[in-house]
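Beneath this line is the structure, given in structure tokens, with notes to follow.
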Amino acid sequence: MSDGKIHPTAIVDPDAQIGVDVEIGPFSVIGPQAVIGQKTIVQSHVVIEGQVTIGSGNFIGHGAIIGAPPQDISFSPERKTMVEIGNDNVIREYCTIHRGSPDGSATKIGDKNFLMAGAHVGHNCAVGNNVVIANNCLLAGHVRVDDGAFLGGGSTFHQHMHVGRMVMVQGSSAFGKDLPPFVIAAERNQIFGLNVVGLRRAGFSAKDREEIKAAFKLVYQSGLNIGQALEKAAMMKLAGPAREFLDFVANAKKRGICPLKRGNAGMEMSL
């Protein structure tokens, strides 16, 4: 790349691997183990340290810090850990993305995600594709967020929890239990229904939407406990996304899944 793409006040280690047509703004610091793919824009006062691989076509806003050591008191600086970021992501100003904690591990972000200003992605998180993480969201260590999820601003997520595909989270919420795919979640560990609009916009067929509704009602509204609901589901002819929902419930972490809010009668079941 031409030197004209790097602002003269930026500090770029000569060992860093910088792709063609990369722009690096004023006062940014790029460490020796950084790999930045082509056509990525790095604005001012960005710090990229440690072993960080960033794909092509990304936008990294002012003041973002990527690859800093994890906030884990057991972490040892000699561990070789990483951040891996895919292509076409937007990472707005003052986001923080920490590298992995266990030796050889990585924090991973896929493709076409939008991290709004001030979002924090803790060590060993795994963010899929087409995820929106709104302003000031906080993801603790080892949080997994699947494709197409939307995390509302100011929400917090406990370590080791799992957010399923196309989950919609209301802003200023907090979660310590897993969120099954396709649900709307809010407040503290509460499910409010299915992400009806999201399913329609994503092109889910009427059959798939009806089967998701059946799986949801079996788990949350049948009066059965989780084990009983899964046993009954095994005898039903459910496939595709509905089976994805049930498999998620079956494989939830030890804290389990978030419950349906008591007395919630406002769930839209007309899919």
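Each chain in the structure tokens gets a letter, A, B, ..., in the order shown, and its residues are numbered from 1; ligands are numbered from 1 in order too.
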Near-A:Phe245 list (8 Å; only C-alpha atoms; drop same-chain fewer than 5 positions) as number ranges by chain: A: 180-182, 212, 215-216
Long-range neighbours of A:Asp146 as a VMD selection string, 7 Å cut-off, only C-alpha atoms, 5 positions minimum in chain: chain A and resid 127 to 128 163 to 165
Rows by chain and residue number, stretch 104-187 of chain A within 9 Å of stretch 45-66 of chain A, shortest pair, only C-alpha atoms, as a tab-separated table:
residue	atom	partner	partner_atom	distance
A:Asp111	CA	A:Gly55	CA	8.8
A:Lys112	CA	A:Asn58	CA	8.6
A:Ala117	CA	A:Gly61	CA	8.3
A:Gly118	CA	A:Ala64	CA	8.4
Picked from stretch 66-226 of chain A by DSSP as alpha helix (DSSP H), as a list of chain:residue names: A:Val196, A:Val197, A:Gly198, A:Leu199, A:Arg200, A:Arg201, A:Ala206, A:Lys207, A:Asp208, A:Arg209, A:Glu210, A:Glu211, A:Ile212, A:Lys213, A:Ala214, A:Ala215, A:Phe216, A:Lys217, A:Leu218, A:Val219, A:Tyr220, A:Ile226
DSSP strand (DSSP E) selection over stretch 112-163 of chain A, as a VMD selection string: chain A and resid 114 to 115 120 to 121 126 to 127 132 to 133 138 to 139 144 to 145 150 to 151 156 to 157 162 to 163
Expected file contents, prior selection, N, CA, C and O atoms, as a compact mmCIF listing (two decimals), in the first residue's frame:
# COMPACT_ATOMS: atom_id res chain seq x y z
N PHE A 114 -22.31 -5.39 13.03
CA PHE A 114 -22.33 -3.96 13.32
C PHE A 114 -22.24 -3.79 14.83
O PHE A 114 -23.19 -4.08 15.55
N LEU A 115 -21.08 -3.36 15.30
CA LEU A 115 -20.87 -3.07 16.71
C LEU A 115 -20.94 -1.56 16.88
O LEU A 115 -20.09 -0.83 16.37
N HIS A 120 -18.57 -3.72 24.22
CA HIS A 120 -17.43 -4.50 24.73
C HIS A 120 -17.63 -5.96 24.42
O HIS A 120 -18.67 -6.55 24.77
N VAL A 121 -16.64 -6.57 23.78
CA VAL A 121 -16.66 -8.01 23.50
C VAL A 121 -15.51 -8.63 24.28
O VAL A 121 -14.33 -8.41 23.99
N ALA A 126 -17.62 -15.50 20.85
CA ALA A 126 -17.76 -15.93 19.46
C ALA A 126 -19.02 -15.28 18.90
O ALA A 126 -20.13 -15.64 19.26
N VAL A 127 -18.84 -14.30 18.04
CA VAL A 127 -19.95 -13.57 17.42
C VAL A 127 -20.04 -14.05 15.98
O VAL A 127 -19.04 -14.07 15.25
N VAL A 132 -26.09 -7.45 15.21
CA VAL A 132 -26.04 -6.05 15.62
C VAL A 132 -25.88 -6.00 17.13
O VAL A 132 -26.69 -6.56 17.87
N ILE A 133 -24.82 -5.35 17.58
CA ILE A 133 -24.57 -5.16 19.01
C ILE A 133 -24.62 -3.66 19.24
O ILE A 133 -23.71 -2.92 18.85
N LEU A 138 -22.45 -5.03 26.84
CA LEU A 138 -21.30 -5.65 27.50
C LEU A 138 -21.42 -7.17 27.40
O LEU A 138 -22.35 -7.76 27.95
N LEU A 139 -20.48 -7.79 26.69
CA LEU A 139 -20.41 -9.24 26.59
C LEU A 139 -19.25 -9.72 27.45
O LEU A 139 -18.09 -9.38 27.18
N ARG A 144 -21.38 -16.56 23.45
CA ARG A 144 -21.58 -16.90 22.03
C ARG A 144 -22.85 -16.22 21.54
O ARG A 144 -23.90 -16.33 22.17
N VAL A 145 -22.74 -15.53 20.40
CA VAL A 145 -23.90 -14.86 19.80
C VAL A 145 -24.03 -15.37 18.37
O VAL A 145 -23.14 -15.19 17.55
N PHE A 150 -29.89 -9.45 17.42
CA PHE A 150 -29.87 -8.01 17.66
C PHE A 150 -29.86 -7.79 19.17
O PHE A 150 -30.80 -8.18 19.87
N LEU A 151 -28.79 -7.18 19.68
CA LEU A 151 -28.63 -6.94 21.12
C LEU A 151 -28.84 -5.46 21.39
O LEU A 151 -28.04 -4.62 20.98
N THR A 156 -26.52 -6.40 29.06
CA THR A 156 -25.36 -7.11 29.60
C THR A 156 -25.60 -8.62 29.51
O THR A 156 -26.72 -9.10 29.67
N PHE A 157 -24.49 -9.35 29.30
CA PHE A 157 -24.56 -10.79 29.07
C PHE A 157 -23.50 -11.49 29.90
O PHE A 157 -22.31 -11.21 29.77
N HIS A 162 -25.17 -18.25 25.97
CA HIS A 162 -25.33 -18.46 24.52
C HIS A 162 -26.59 -17.74 24.07
O HIS A 162 -27.67 -17.96 24.61
N VAL A 163 -26.45 -16.88 23.07
CA VAL A 163 -27.57 -16.17 22.46
C VAL A 163 -27.84 -16.80 21.10
O VAL A 163 -26.98 -16.80 20.22
Near-stretch 97-102 of chain A list (8 Å; only C-alpha atoms; drop same-chain fewer than 4 positions) as number ranges by chain: A: 50, 65-72, 75, 79, 81-83, 106-107, 120-124
Contact residues around A:Ile6 with only C-alpha atoms at 8 Å, ignoring same-chain residues under 5 positions, as number ranges by chain: A: 23-25
Prev. selection, all heavy atoms, output as a PDB file, in the first residue's frame:
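Saved the output as out-v5.pdb:
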ATOM      1  N   GLU A  23      -6.560   2.180   5.072  1.00  0.00           N
ATOM      2  CA  GLU A  23      -6.363   3.524   5.582  1.00  0.00           C
ATOM      3  C   GLU A  23      -6.175   3.462   7.091  1.00  0.00           C
ATOM      4  O   GLU A  23      -6.950   2.793   7.787  1.00  0.00           O
ATOM      5  CB  GLU A  23      -7.566   4.411   5.251  1.00  0.00           C
ATOM      6  CG  GLU A  23      -7.814   4.574   3.762  1.00  0.00           C
ATOM      7  CD  GLU A  23      -9.016   5.459   3.475  1.00  0.00           C
ATOM      8  OE1 GLU A  23      -9.399   6.242   4.383  1.00  0.00           O
ATOM      9  OE2 GLU A  23      -9.562   5.358   2.372  1.00  0.00           O
ATOM     10  N   ILE A  24      -5.162   4.169   7.596  1.00  0.00           N
ATOM     11  CA  ILE A  24      -4.895   4.210   9.036  1.00  0.00           C
ATOM     12  C   ILE A  24      -4.807   5.675   9.447  1.00  0.00           C
ATOM     13  O   ILE A  24      -3.978   6.436   8.939  1.00  0.00           O
ATOM     14  CB  ILE A  24      -3.613   3.450   9.394  1.00  0.00           C
ATOM     15  CG1 ILE A  24      -3.749   1.972   8.989  1.00  0.00           C
ATOM     16  CG2 ILE A  24      -3.318   3.571  10.889  1.00  0.00           C
ATOM     17  CD1 ILE A  24      -2.504   1.143   9.214  1.00  0.00           C
ATOM     18  N   GLY A  25      -5.674   6.071  10.386  1.00  0.00           N
ATOM     19  CA  GLY A  25      -5.827   7.463  10.723  1.00  0.00           C
ATOM     20  C   GLY A  25      -4.835   7.972  11.760  1.00  0.00           C
ATOM     21  O   GLY A  25      -3.990   7.224  12.277  1.00  0.00           O
TER      22      GLY A  25
END
Set out as a tab-separated table a contact list for stretch 116-154 of chain A and stretch 194-204 of chain A with a cut-off of 12 Å, giving each residue of stretch 116-154 of chain A that qualifies its closest atom pair and distance in Å to one decimal, counting only C-alpha atoms, ordered by chain and rising residue number.
residue	atom	partner	partner_atom	distance
A:Asn130	CA	A:Ala202	CA	11.8
A:Asp147	CA	A:Ala202	CA	11.7
A:Gly148	CA	A:Gly198	CA	9.1
A:Ala149	CA	A:Gly198	CA	9.7
A:Phe150	CA	A:Gly198	CA	10.0
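Distances to A:Val183 were evaluated for A:Gly110, A:Gly19, A:Gly153, A:Pro259 using only C-alpha atoms, and the minimum falls at A:Pro259.
Restricting the calculation to only C-alpha atoms, the smallest distance between A:Ile30 and any of A:Thr96, A:Gln43, A:Ser222, A:Ser173 is found for A:Gln43.
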Spatial neighbours of A:Met161, max dist 7 Å, only C-alpha atoms, sep filter under 3 positions, as a PyMOL selection string: chain A and resi 143-144+158+176-178
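Proximity ranking of A:Asp88, A:Gln190, A:Gln228, A:Ala242 relative to A:Glu210 places A:Ala242 first, based on only C-alpha atoms.
Taking atom CA of A:Asp208 and atom CA of A:Ala250 as the two end points, the separation is 19.4 Å.
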